[in-house]
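K.L.:
To be precise about what I am sending: the file is called data19.csv and holds CSV, C-alpha atoms.
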```
chain,number,residue,atom,x,y,z
A,1,MET,CA,-114.3,-10.4,57.2
A,2,CYS,CA,-112.1,-13.5,57.6
A,3,ARG,CA,-112.7,-15.1,61.0
A,4,HIS,CA,-109.1,-16.3,61.3
A,5,CYS,CA,-106.9,-13.4,60.8
A,6,GLY,CA,-109.1,-10.4,60.2
A,7,CYS,CA,-108.2,-9.8,56.5
A,8,SER,CA,-110.8,-8.6,54.1
A,9,LEU,CA,-110.8,-11.8,52.0
A,10,THR,CA,-112.9,-14.8,52.8
A,11,PRO,CA,-113.3,-18.2,51.1
A,12,GLU,CA,-116.6,-16.9,49.9
A,13,SER,CA,-115.2,-13.8,48.2
A,14,PRO,CA,-116.2,-13.5,44.6
A,15,GLY,CA,-113.4,-13.7,42.0
A,16,ARG,CA,-111.8,-10.5,40.9
A,17,VAL,CA,-111.6,-9.5,37.3
A,18,VAL,CA,-108.5,-7.5,36.3
A,19,GLU,CA,-108.7,-5.7,33.0
A,20,VAL,CA,-105.2,-5.7,31.5
A,21,ILE,CA,-105.2,-4.9,27.7
A,22,GLN,CA,-101.5,-5.3,27.1
A,23,ASP,CA,-99.8,-6.6,24.0
A,24,LEU,CA,-98.5,-10.1,24.7
A,25,LEU,CA,-95.2,-9.2,23.0
A,26,ALA,CA,-94.8,-6.0,25.0
A,27,GLU,CA,-91.5,-7.2,26.5
A,28,ASN,CA,-90.1,-8.2,23.1
A,29,ASP,CA,-91.2,-4.9,21.7
A,30,ARG,CA,-89.5,-3.0,24.5
A,31,ILE,CA,-86.2,-4.7,23.8
A,32,ALA,CA,-86.7,-4.2,20.1
A,33,ALA,CA,-87.1,-0.4,20.7
A,34,HIS,CA,-83.9,-0.5,22.7
A,35,ASN,CA,-82.1,-2.3,19.8
A,36,ARG,CA,-83.4,0.3,17.4
A,37,ALA,CA,-82.1,3.1,19.7
A,38,HIS,CA,-78.7,1.3,19.6
A,39,PHE,CA,-78.8,1.3,15.8
A,40,ASP,CA,-79.9,5.0,15.7
A,41,GLU,CA,-77.2,6.0,18.2
A,42,HIS,CA,-74.5,4.6,15.9
A,43,GLY,CA,-76.1,5.6,12.6
A,44,VAL,CA,-76.6,2.0,11.5
A,45,LEU,CA,-79.3,0.9,9.0
A,46,ALA,CA,-80.7,-2.4,10.2
A,47,ILE,CA,-82.5,-4.7,7.7
A,48,ASN,CA,-84.3,-7.9,8.7
A,49,VAL,CA,-84.1,-10.4,5.8
A,50,MET,CA,-86.7,-13.1,5.8
A,51,SER,CA,-87.8,-15.9,3.5
A,52,SER,CA,-88.6,-19.6,3.4
A,53,PRO,CA,-85.6,-21.9,3.7
A,54,GLY,CA,-83.5,-22.0,0.5
A,55,ALA,CA,-84.8,-18.8,-1.2
A,56,GLY,CA,-81.2,-17.5,-1.3
A,57,LYS,CA,-80.9,-15.1,1.6
A,58,THR,CA,-77.2,-15.9,2.3
A,59,ALA,CA,-76.3,-15.9,-1.4
A,60,LEU,CA,-77.9,-12.5,-1.8
A,61,LEU,CA,-76.1,-11.1,1.2
A,62,GLU,CA,-72.8,-12.5,-0.1
A,63,ALA,CA,-73.3,-10.8,-3.5
A,64,THR,CA,-74.3,-7.6,-1.7
A,65,ILE,CA,-71.2,-7.5,0.4
A,66,VAL,CA,-69.0,-8.0,-2.7
A,67,ALA,CA,-70.8,-5.2,-4.5
A,68,LEU,CA,-70.9,-2.7,-1.6
A,69,LYS,CA,-67.8,-3.5,0.5
A,70,GLY,CA,-65.8,-0.6,-0.8
A,71,SER,CA,-68.5,2.0,-0.2
A,72,CYS,CA,-70.1,0.9,3.1
A,73,ARG,CA,-69.3,-1.0,6.3
A,74,ILE,CA,-71.4,-4.1,6.6
A,75,ALA,CA,-72.0,-6.7,9.3
A,76,VAL,CA,-74.5,-9.6,9.5
A,77,ILE,CA,-76.3,-11.3,12.3
A,78,GLU,CA,-77.1,-14.9,11.2
A,79,GLY,CA,-80.0,-16.8,12.6
A,80,ASP,CA,-79.9,-20.6,12.1
A,81,LEU,CA,-81.4,-23.6,13.7
A,82,ALA,CA,-78.3,-25.7,14.1
A,83,THR,CA,-75.2,-24.6,12.2
A,84,ASP,CA,-72.9,-21.7,11.6
A,85,ASN,CA,-72.5,-22.5,7.9
A,86,ASP,CA,-74.0,-19.2,6.8
A,87,ALA,CA,-71.9,-17.1,9.2
A,88,VAL,CA,-68.7,-18.9,7.9
A,89,ARG,CA,-69.8,-18.0,4.3
A,90,ILE,CA,-70.3,-14.3,5.3
A,91,ARG,CA,-67.0,-14.1,7.2
A,92,SER,CA,-65.1,-15.4,4.1
A,93,HIS,CA,-65.9,-12.0,2.5
A,94,GLY,CA,-64.1,-10.2,5.3
A,95,VAL,CA,-67.1,-8.8,7.2
A,96,PRO,CA,-68.1,-9.5,10.8
A,97,ALA,CA,-70.9,-12.1,11.2
A,98,ILE,CA,-72.4,-13.1,14.5
A,99,GLN,CA,-74.1,-16.5,14.7
A,100,ILE,CA,-77.3,-16.9,16.7
A,101,THR,CA,-78.1,-20.6,16.9
A,102,THR,CA,-81.8,-20.9,17.8
A,103,GLY,CA,-81.9,-24.6,18.4
A,104,ALA,CA,-85.6,-25.7,18.1
A,105,ALA,CA,-86.8,-22.1,17.9
A,106,CYS,CA,-88.1,-21.1,14.5
A,107,HIS,CA,-87.4,-17.4,14.6
A,108,LEU,CA,-85.2,-14.6,16.1
A,109,ASP,CA,-86.5,-12.4,18.8
A,110,ALA,CA,-85.4,-9.0,20.1
A,111,GLN,CA,-83.6,-10.4,23.1
A,112,ARG,CA,-81.4,-12.8,21.0
A,113,VAL,CA,-80.5,-9.9,18.6
A,114,HIS,CA,-79.7,-7.7,21.6
A,115,ALA,CA,-77.3,-10.2,22.9
A,116,ALA,CA,-75.6,-10.4,19.5
A,117,LEU,CA,-75.3,-6.6,19.3
A,118,HIS,CA,-72.8,-6.5,22.0
A,119,GLU,CA,-70.4,-8.6,20.0
A,120,LEU,CA,-70.6,-6.2,17.0
A,121,PRO,CA,-68.6,-3.0,16.5
A,122,LEU,CA,-71.7,-0.9,15.9
A,123,ALA,CA,-69.7,2.4,15.8
A,124,GLU,CA,-67.7,1.1,12.8
A,125,LEU,CA,-70.8,0.0,10.8
A,126,ASP,CA,-73.2,1.6,8.3
A,127,LEU,CA,-75.4,-1.4,7.4
A,128,LEU,CA,-76.4,-4.4,9.5
A,129,PHE,CA,-78.3,-7.3,7.9
A,130,ILE,CA,-80.2,-9.6,10.2
A,131,GLU,CA,-80.7,-12.9,8.4
A,132,ASN,CA,-83.7,-14.4,10.1
A,133,VAL,CA,-84.4,-18.2,10.3
A,134,GLY,CA,-85.8,-19.5,7.1
A,135,ASN,CA,-89.5,-19.5,7.8
A,136,LEU,CA,-92.4,-17.5,6.4
A,137,VAL,CA,-94.6,-17.7,9.5
A,138,CYS,CA,-92.9,-17.2,12.9
A,139,PRO,CA,-90.3,-14.4,12.2
A,140,ALA,CA,-93.2,-12.1,11.1
A,141,ALA,CA,-94.5,-11.9,14.7
A,142,PHE,CA,-91.3,-10.5,16.3
A,143,ASP,CA,-90.0,-7.0,16.0
A,144,LEU,CA,-86.2,-7.2,16.3
A,145,GLY,CA,-85.5,-3.4,16.2
A,146,GLN,CA,-84.8,-3.3,12.5
A,147,HIS,CA,-85.6,-0.3,10.3
A,148,ARG,CA,-86.7,-2.3,7.3
A,149,ASN,CA,-88.1,-5.7,6.5
A,150,VAL,CA,-87.1,-7.5,3.3
A,151,THR,CA,-88.8,-10.7,2.3
A,152,LEU,CA,-87.4,-12.9,-0.5
A,153,LEU,CA,-89.6,-15.0,-2.7
A,154,SER,CA,-87.6,-17.3,-5.0
A,155,VAL,CA,-89.0,-18.2,-8.4
A,156,THR,CA,-88.6,-21.9,-7.4
A,157,GLU,CA,-91.5,-21.4,-5.0
A,158,GLY,CA,-95.2,-20.8,-5.7
A,159,ASP,CA,-96.2,-17.4,-7.0
A,160,ASP,CA,-99.2,-17.3,-4.6
A,161,LYS,CA,-97.0,-17.2,-1.5
A,162,PRO,CA,-98.0,-13.6,-0.6
A,163,ALA,CA,-101.7,-14.8,-0.4
A,164,LYS,CA,-100.7,-17.8,1.6
A,165,TYR,CA,-98.5,-15.9,4.1
A,166,PRO,CA,-100.2,-12.5,4.3
A,167,VAL,CA,-98.7,-11.6,7.7
A,168,ILE,CA,-95.0,-11.7,6.6
A,169,PHE,CA,-95.6,-10.1,3.2
A,170,ARG,CA,-97.8,-7.4,4.5
A,171,ALA,CA,-95.0,-6.5,7.1
A,172,SER,CA,-92.4,-6.2,4.3
A,173,ASP,CA,-91.0,-2.9,3.0
A,174,LEU,CA,-89.6,-4.7,0.0
A,175,VAL,CA,-90.2,-8.1,-1.7
A,176,VAL,CA,-87.3,-9.6,-3.6
A,177,LEU,CA,-88.0,-12.1,-6.4
A,178,SER,CA,-84.8,-14.1,-6.1
A,179,LYS,CA,-83.2,-16.6,-8.5
A,180,ILE,CA,-84.9,-14.7,-11.4
A,181,ASP,CA,-82.2,-16.2,-13.7
A,182,LEU,CA,-84.1,-19.5,-13.3
A,183,ILE,CA,-87.4,-18.1,-14.5
A,184,ASP,CA,-87.1,-19.6,-18.0
A,185,VAL,CA,-87.1,-23.2,-16.6
A,186,MET,CA,-89.7,-22.4,-13.9
A,187,ASP,CA,-92.5,-22.0,-16.3
A,188,ASP,CA,-95.2,-22.3,-13.6
A,189,PHE,CA,-94.0,-19.2,-11.8
A,190,ASP,CA,-95.5,-16.0,-13.1
A,191,PRO,CA,-94.0,-12.8,-11.7
A,192,ALA,CA,-97.3,-10.9,-12.6
A,193,ARG,CA,-99.3,-13.4,-10.5
A,194,ALA,CA,-96.8,-12.9,-7.6
A,195,ALA,CA,-97.2,-9.1,-7.9
A,196,ALA,CA,-101.0,-9.4,-8.0
A,197,ALA,CA,-101.0,-11.6,-4.8
A,198,LEU,CA,-98.8,-8.9,-3.1
A,199,GLN,CA,-101.1,-6.1,-4.3
A,200,GLY,CA,-104.0,-8.0,-2.8
A,201,LEU,CA,-102.5,-7.3,0.6
A,202,GLY,CA,-103.0,-3.5,0.1
A,203,GLY,CA,-100.3,-0.9,0.3
A,204,GLU,CA,-97.6,-0.2,-2.2
A,205,THR,CA,-94.8,-2.7,-1.3
A,206,PRO,CA,-92.3,-2.7,-4.2
A,207,MET,CA,-91.2,-5.9,-5.8
A,208,ILE,CA,-87.8,-6.2,-7.4
A,209,GLU,CA,-85.9,-9.0,-9.1
A,210,THR,CA,-82.5,-10.4,-8.2
A,211,ALA,CA,-80.1,-13.1,-9.4
A,212,VAL,CA,-76.7,-13.8,-8.1
A,213,ARG,CA,-75.5,-16.8,-10.1
A,214,ARG,CA,-75.8,-17.3,-13.8
A,215,THR,CA,-76.8,-13.8,-15.0
A,216,PRO,CA,-76.4,-11.5,-12.0
A,217,THR,CA,-79.3,-9.1,-11.6
A,218,MET,CA,-78.5,-6.7,-8.7
A,219,THR,CA,-79.1,-3.2,-9.8
A,220,ALA,CA,-82.6,-2.6,-8.4
A,221,TRP,CA,-81.6,-4.2,-5.1
A,222,LEU,CA,-78.4,-2.2,-4.7
A,223,ASP,CA,-80.2,1.0,-5.7
A,224,TRP,CA,-82.9,0.3,-3.0
A,225,ILE,CA,-80.2,-0.2,-0.3
A,226,GLN,CA,-78.3,3.0,-1.4
A,227,ALA,CA,-81.5,5.0,-1.2
A,228,GLU,CA,-82.3,3.6,2.3
A,229,LEU,CA,-78.7,4.4,3.4
A,230,ARG,CA,-79.1,8.0,2.1
A,231,GLY,CA,-82.5,8.3,3.7
A,232,ARG,CA,-81.2,7.2,7.1
A,233,ALA,CA,-78.2,9.5,6.8
A,234,GLY,CA,-80.6,12.3,6.2
A,235,ILE,CA,-82.6,11.4,9.3
A,236,TYR,CA,-79.4,11.4,11.4
A,237,GLU,CA,-78.2,14.7,10.0
A,238,ARG,CA,-81.4,16.3,11.2
A,239,ILE,CA,-80.6,15.1,14.8
A,240,PRO,CA,-77.1,16.5,15.2
A,241,ALA,CA,-76.5,15.9,18.9
A,242,ARG,CA,-77.4,12.3,19.8
A,243,GLY,CA,-76.8,11.7,23.4
A,244,PRO,CA,-76.1,8.3,24.9
A,245,LEU,CA,-79.0,5.9,25.4
A,246,SER,CA,-81.1,7.2,28.3
A,247,ALA,CA,-82.8,4.0,29.2
A,248,PRO,CA,-80.4,1.1,29.5
A,249,ILE,CA,-81.9,-2.3,29.3
A,250,SER,CA,-82.6,-3.9,32.6
A,251,SER,CA,-80.5,-6.8,33.8
A,252,GLY,CA,-82.0,-10.3,33.2
A,253,VAL,CA,-82.9,-9.7,29.6
A,254,GLY,CA,-79.5,-10.0,28.1
A,255,GLY,CA,-77.7,-7.1,29.7
B,1,MET,CA,-94.1,-23.1,16.7
B,2,HIS,CA,-93.4,-19.6,18.0
B,3,GLU,CA,-96.7,-20.1,20.0
B,4,LEU,CA,-94.5,-21.5,22.7
B,5,SER,CA,-92.7,-18.2,23.0
B,6,ILE,CA,-96.0,-16.3,23.0
B,7,CYS,CA,-97.4,-18.6,25.6
B,8,GLN,CA,-94.4,-18.0,27.9
B,9,ALA,CA,-94.9,-14.3,27.5
B,10,LEU,CA,-98.6,-14.7,28.4
B,11,LEU,CA,-97.8,-16.8,31.5
B,12,ASN,CA,-95.3,-14.2,32.6
B,13,GLN,CA,-97.8,-11.4,32.2
B,14,VAL,CA,-100.7,-13.2,34.1
B,15,ASN,CA,-98.3,-14.2,36.8
B,16,HIS,CA,-97.4,-10.5,37.3
B,17,VAL,CA,-101.2,-9.7,37.5
B,18,ALA,CA,-101.7,-12.4,40.1
B,19,VAL,CA,-98.7,-11.4,42.2
B,20,ASP,CA,-99.7,-7.7,42.1
B,21,ALA,CA,-103.2,-8.7,43.3
B,22,GLY,CA,-101.8,-11.0,46.0
B,23,CYS,CA,-103.6,-14.0,44.5
B,24,GLU,CA,-102.2,-17.4,43.9
B,25,HIS,CA,-104.8,-18.8,41.6
B,26,ILE,CA,-106.2,-17.7,38.2
B,27,GLU,CA,-109.6,-18.8,37.1
B,28,LYS,CA,-109.8,-17.5,33.6
B,29,ILE,CA,-107.6,-15.6,31.1
B,30,THR,CA,-109.0,-13.8,28.1
B,31,ILE,CA,-106.8,-12.9,25.2
B,32,ALA,CA,-107.5,-11.4,21.7
B,33,ILE,CA,-105.7,-12.8,18.7
B,34,GLY,CA,-106.4,-11.2,15.3
B,35,PRO,CA,-106.2,-13.2,12.1
B,36,LEU,CA,-103.2,-11.1,11.1
B,37,ALA,CA,-101.3,-11.5,14.4
B,38,GLY,CA,-99.4,-14.5,12.9
B,39,VAL,CA,-100.4,-16.7,15.8
B,40,GLU,CA,-102.4,-19.9,15.5
B,41,PRO,CA,-105.1,-19.9,18.3
B,42,GLY,CA,-105.3,-23.7,18.4
B,43,LEU,CA,-101.5,-24.1,18.8
B,44,LEU,CA,-101.4,-21.5,21.5
B,45,ALA,CA,-104.2,-23.2,23.4
B,46,SER,CA,-102.3,-26.5,23.2
B,47,ALA,CA,-99.1,-24.9,24.4
B,48,PHE,CA,-101.1,-23.2,27.2
B,49,ALA,CA,-102.6,-26.6,28.4
B,50,VAL,CA,-99.0,-27.9,29.0
B,51,MET,CA,-97.1,-24.9,30.0
B,52,LYS,CA,-99.6,-23.7,32.7
B,53,ILE,CA,-98.9,-26.7,34.8
B,54,GLY,CA,-97.3,-25.9,38.1
B,55,GLY,CA,-97.9,-22.2,38.0
B,56,CYS,CA,-100.7,-19.9,39.3
B,57,ALA,CA,-102.6,-20.5,36.1
B,58,ALA,CA,-102.6,-24.3,36.5
B,59,GLN,CA,-106.4,-24.4,36.9
B,60,ALA,CA,-107.1,-21.5,34.5
B,61,THR,CA,-109.2,-21.7,31.4
B,62,LEU,CA,-108.0,-19.8,28.3
B,63,ILE,CA,-110.6,-17.8,26.3
B,64,ILE,CA,-109.4,-16.6,22.9
B,65,GLU,CA,-111.4,-13.8,21.2
B,66,SER,CA,-110.9,-13.0,17.5
B,67,ASP,CA,-112.5,-10.0,15.9
B,68,GLY,CA,-111.8,-10.5,12.2
B,69,VAL,CA,-110.0,-8.2,9.9
B,70,ARG,CA,-111.1,-4.7,9.0
B,71,VAL,CA,-109.4,-2.2,6.7
B,72,GLU,CA,-109.9,1.5,6.3
B,73,CYS,CA,-109.6,2.8,2.7
B,74,ALA,CA,-107.7,6.0,2.1
B,75,ALA,CA,-109.6,6.6,-1.2
B,76,CYS,CA,-113.3,6.1,-0.1
B,77,GLY,CA,-112.9,6.3,3.7
B,78,LYS,CA,-115.0,3.2,4.3
B,79,VAL,CA,-114.1,0.7,7.0
B,80,SER,CA,-114.9,-2.8,5.8
B,81,GLU,CA,-114.5,-6.4,6.9
B,82,THR,CA,-112.3,-8.5,4.7
B,83,ALA,CA,-110.2,-11.7,4.5
B,84,ALA,CA,-106.7,-11.8,6.0
B,85,ASN,CA,-105.1,-12.2,2.5
B,86,ARG,CA,-107.3,-9.7,0.7
B,87,LEU,CA,-106.6,-6.3,2.2
B,88,VAL,CA,-107.6,-4.0,-0.6
B,89,CYS,CA,-110.8,-2.1,-0.1
B,90,PRO,CA,-113.8,-4.4,-0.7
B,91,ALA,CA,-116.0,-1.3,-1.5
B,92,CYS,CA,-113.9,0.5,-4.1
B,93,ARG,CA,-110.9,-1.9,-4.7
B,94,GLY,CA,-108.6,0.9,-3.5
B,95,TYR,CA,-105.2,-0.5,-2.5
B,96,ARG,CA,-104.2,2.2,-0.1
B,97,THR,CA,-105.7,0.7,3.0
B,98,ARG,CA,-104.9,0.7,6.7
B,99,VAL,CA,-105.6,-2.4,8.8
B,100,VAL,CA,-107.7,-1.1,11.7
B,101,ALA,CA,-108.5,-4.5,13.3
B,102,GLY,CA,-107.0,-8.0,12.9
B,103,THR,CA,-103.3,-7.6,14.1
B,104,GLU,CA,-104.0,-7.7,17.8
B,105,LEU,CA,-102.2,-10.1,20.1
B,106,ARG,CA,-103.3,-8.9,23.5
B,107,LEU,CA,-104.0,-10.0,27.1
B,108,MET,CA,-107.4,-8.5,27.8
B,109,ARG,CA,-108.4,-9.6,31.3
B,110,VAL,CA,-107.5,-12.0,34.1
B,111,GLU,CA,-110.1,-13.5,36.4
B,112,LEU,CA,-108.6,-14.3,39.8
B,113,ARG,CA,-110.2,-17.0,41.9
B,114,ALA,CA,-111.8,-16.0,45.2
B,115,ALA,CA,-108.8,-15.7,47.4
B,116,VAL,CA,-108.5,-18.0,50.4
B,117,CYS,CA,-106.8,-16.4,53.3
B,118,ALA,CA,-103.6,-18.4,53.7
B,119,ARG,CA,-104.0,-18.7,57.5
B,120,SER,CA,-107.6,-19.7,57.3
B,121,VAL,CA,-106.8,-23.0,55.6
B,122,ASN,CA,-104.0,-23.9,57.9
```
I need this file expressed as structure tokens, please.

P.N.:
Amino acid sequence: MCRHCGCSLTPESPGRVVEVIQDLLAENDRIAAHNRAHFDEHGVLAINVMSSPGAGKTALLEATIVALKGSCRIAVIEGDLATDNDAVRIRSHGVPAIQITTGAACHLDAQRVHAALHELPLAELDLLFIENVGNLVCPAAFDLGQHRNVTLLSVTEGDDKPAKYPVIFRASDLVVLSKIDLIDVMDDFDPARAAAALQGLGGETPMIETAVRRTPTMTAWLDWIQAELRGRAGIYERIPARGPLSAPISSGVGG
Amino acid sequence: MHELSICQALLNQVNHVAVDAGCEHIEKITIAIGPLAGVEPGLLASAFAVMKIGGCAAQATLIIESDGVRVECAACGKVSETAANRLVCPACRGYRTRVVAGTELRLMRVELRAAVCARSVN
């Protein structure tokens, strides 16, 4: 008993150990689940697009918008360290693009995406691309609320990247070998070695090839998106009465 | 350097634990980081050394546990240890595997320093 005020703690009390066992990203994951509920409420398919800088994320999205604009309503959230160059490129195709400038931060997180969602007309969309910051390490750790992860691996990089960056490639639902039209001059990149490195991570992640410049190669990519859109539409049809979100996000985390 | 974001989340969580326990000082924090968590333990420890200053964890030591990667094979059912970038079954080379350990990024426990009654030190 403490001599001064009668409380049960004394300077000689032993330390207390509190067992917690909680994910360090629990708060990010909570907001990510909220974002996903937003997408589901509006029937929007959300795809998180990741790669190293310069693998051709924005170019692929531009070509995708041109190909799908007549058949589906698209918007893009752009993550960039310092500029809005990519958002300007996307907007030039007549679709909404929200820029998130991350400053020194090397990845998007669920809270930043949540803030951007409120600037988007979700009710008027079918497909939302979230173009993450170019980086093969940090974006892999943060759930944004997306339904699918797509990681680009351009043939101007090393074909062993899946083995070097297992976390991001293992989290991918699809790996896109981009700039495949350059393969003839990139004679040290072997698609078979890239596929073997990806298979070494277990699972059955498909790998497809794309090119958007010299000899456009888009069929497998567009087919994959169409299949995902149909799959999502099927899920939503089975839940006919979707009520409003029951758990609004608390204040102080982006409203 | 997303370790800064992770460290901020860690400090927020341990701060809540300390406030809930009515304690102002944390002695020791134990976290678990798997090789597939995408977080570099050394960088997180460096971030912690700087970011803890001024808070209730200012004097705290950070213990980082890592348990290695284990996969369970859908074909042979075996659970085996393996490398982070080699997640096929080491036993039968089956590629339909599930990672059962190695992705954790968790706060495990917080050791609070013996509380000193606020009035007793005045």

K.L.:
Could you jot down the CA of Val76 in chain A to CA of Phe129 in chain A separation for me, Å, one decimal place?

P.N.:
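It comes out at 4.7 Å.
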
K.L.:
Can you tell me how far CA of Leu87 in chain B sits from CA of Asp173 in chain A, in Å to one decimal?

P.N.:
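Pair CA of Leu87 in chain B / CA of Asp173 in chain A returns 16.0 Å.
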
K.L.:
Please provide as a PyMOL selection string all residues within 6 Å of Thr210 in chain A, with the sequence filter that same-chain residues fewer than 5 positions apart are discarded (counting all atoms listed in the file).

P.N.:
chain A and resi 178+180+217-218

K.L.:
When you count all atoms listed in the file, which of these residues is closest to chain B: A:Ser71, A:Val167, A:Leu152, A:Leu127?

P.N.:
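Comparing A:Ser71, A:Val167, A:Leu152, A:Leu127 against chain B, the winner is A:Val167.
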
K.L.:
Please compute the CA of Val14 in chain B-CA of Gly68 in chain B distance, one decimal, in Å.

P.N.:
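CA of Gly68 in chain B lies at a distance of 24.7 Å from CA of Val14 in chain B.
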
K.L.:
When you count all atoms listed in the file, which of these residues is closest to chain B: A:Arg148, A:His114, A:Lys164, A:Arg193?

P.N.:
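Smallest separation from chain B among the options: A:Lys164.
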
K.L.:
Taking only C-alpha atoms into account and nothing else, which residues of chain B lie no more than 8 Å away from chain A? Please answer as a ChimeraX atom specification.

P.N.:
/B:1-2,6,9-10,13,17,36-39,84-89,94-97,104-117,119-120

K.L.:
I want to know what sits within 8 Å of range 90-97 of chain A, based on only C-alpha atoms, with residues of the same chain fewer than 3 positions away left out; could you give that as a PDB file with C-alpha atoms, in the coordinates of the input?

P.N.:
```pdb
ATOM      1  CA  THR A  58     -77.200 -15.900   2.300  1.00  0.00           C
ATOM      2  CA  LEU A  61     -76.100 -11.100   1.200  1.00  0.00           C
ATOM      3  CA  GLU A  62     -72.800 -12.500  -0.100  1.00  0.00           C
ATOM      4  CA  ILE A  65     -71.200  -7.500   0.400  1.00  0.00           C
ATOM      5  CA  VAL A  66     -69.000  -8.000  -2.700  1.00  0.00           C
ATOM      6  CA  ILE A  74     -71.400  -4.100   6.600  1.00  0.00           C
ATOM      7  CA  ALA A  75     -72.000  -6.700   9.300  1.00  0.00           C
ATOM      8  CA  VAL A  76     -74.500  -9.600   9.500  1.00  0.00           C
ATOM      9  CA  ILE A  77     -76.300 -11.300  12.300  1.00  0.00           C
ATOM     10  CA  GLU A  78     -77.100 -14.900  11.200  1.00  0.00           C
ATOM     11  CA  ASP A  86     -74.000 -19.200   6.800  1.00  0.00           C
ATOM     12  CA  ALA A  87     -71.900 -17.100   9.200  1.00  0.00           C
ATOM     13  CA  LEU A 120     -70.600  -6.200  17.000  1.00  0.00           C
TER      14      LEU A 120
END
```

K.L.:
Which neighbours of Val150 in chain A fall inside 12 Å, counting all atoms listed in the file, when residues of the same chain fewer than 4 positions from it are skipped, and could you give them as a VMD selection string?

P.N.:
chain A and resid 46 to 51 57 60 to 61 129 to 132 136 139 to 140 146 168 to 178 205 to 208 221 224 to 225

K.L.:
Is it possible to get the residues within 9 Å of (-108.3, -20.4, 35.1) (coordinates as in the file, counting only C-alpha atoms) written as an mmCIF file with C-alpha atoms, in the frame of the given file?

P.N.:
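The result, stored in point36.cif:
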```cif
data_model
loop_
_atom_site.group_PDB
_atom_site.id
_atom_site.type_symbol
_atom_site.label_atom_id
_atom_site.label_comp_id
_atom_site.auth_asym_id
_atom_site.auth_seq_id
_atom_site.Cartn_x
_atom_site.Cartn_y
_atom_site.Cartn_z
ATOM 1 C CA HIS B 25 -104.800 -18.800 41.600
ATOM 2 C CA ILE B 26 -106.200 -17.700 38.200
ATOM 3 C CA GLU B 27 -109.600 -18.800 37.100
ATOM 4 C CA LYS B 28 -109.800 -17.500 33.600
ATOM 5 C CA ILE B 29 -107.600 -15.600 31.100
ATOM 6 C CA CYS B 56 -100.700 -19.900 39.300
ATOM 7 C CA ALA B 57 -102.600 -20.500 36.100
ATOM 8 C CA ALA B 58 -102.600 -24.300 36.500
ATOM 9 C CA GLN B 59 -106.400 -24.400 36.900
ATOM 10 C CA ALA B 60 -107.100 -21.500 34.500
ATOM 11 C CA THR B 61 -109.200 -21.700 31.400
ATOM 12 C CA LEU B 62 -108.000 -19.800 28.300
ATOM 13 C CA VAL B 110 -107.500 -12.000 34.100
ATOM 14 C CA GLU B 111 -110.100 -13.500 36.400
ATOM 15 C CA LEU B 112 -108.600 -14.300 39.800
ATOM 16 C CA ARG B 113 -110.200 -17.000 41.900
#
```

K.L.:
Within 6 Å of Ile64 in chain B, counting all atoms listed in the file, which residues show up once you throw out same-chain ones fewer than 2 positions away? Write them as a list in words, please.

P.N.:
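Final neighbour list, sorted by chain and number: Thr30, Ile31 and Ala32 of chain B.
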
K.L.:
Those residues with C-alpha atoms, as a tab-separated table (two decimals), in the coordinates of the input please?

P.N.:
```
chain	number	residue	atom	x	y	z
B	30	THR	CA	-109.00	-13.80	28.10
B	31	ILE	CA	-106.80	-12.90	25.20
B	32	ALA	CA	-107.50	-11.40	21.70
```

K.L.:
Using only C-alpha atoms, which of A:Asp80, A:Asp126, A:Glu157, A:Asp181 sits nearest Ala194 in chain A?

P.N.:
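Nearest candidate to Ala194 in chain A out of A:Asp80, A:Asp126, A:Glu157, A:Asp181: A:Glu157.
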
K.L.:
Rank nothing, just name the residue among B:Ile53, B:Gly34, B:His16, B:Cys7 nearest to Ala101 in chain B, using all atoms listed in the file.

P.N.:
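Closest residue, counting all atoms listed in the file: B:Gly34.
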
K.L.:
Give the answer as one residue: which of A:Arg213, A:His34, A:His147, A:Arg230 has the shortest atom-to-atom distance to Gln111 in chain A, using all atoms listed in the file?

P.N.:
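Using all atoms listed in the file, the shortest distance to Gln111 in chain A belongs to A:His34.
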
K.L.:
For a quick check of understanding, using only C-alpha atoms, which of A:Ala227, A:Val155, A:Ile98, A:Ala82 has the smallest distance to Ala115 in chain A?

P.N.:
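The answer is A:Ile98, which sits nearest to Ala115 in chain A.
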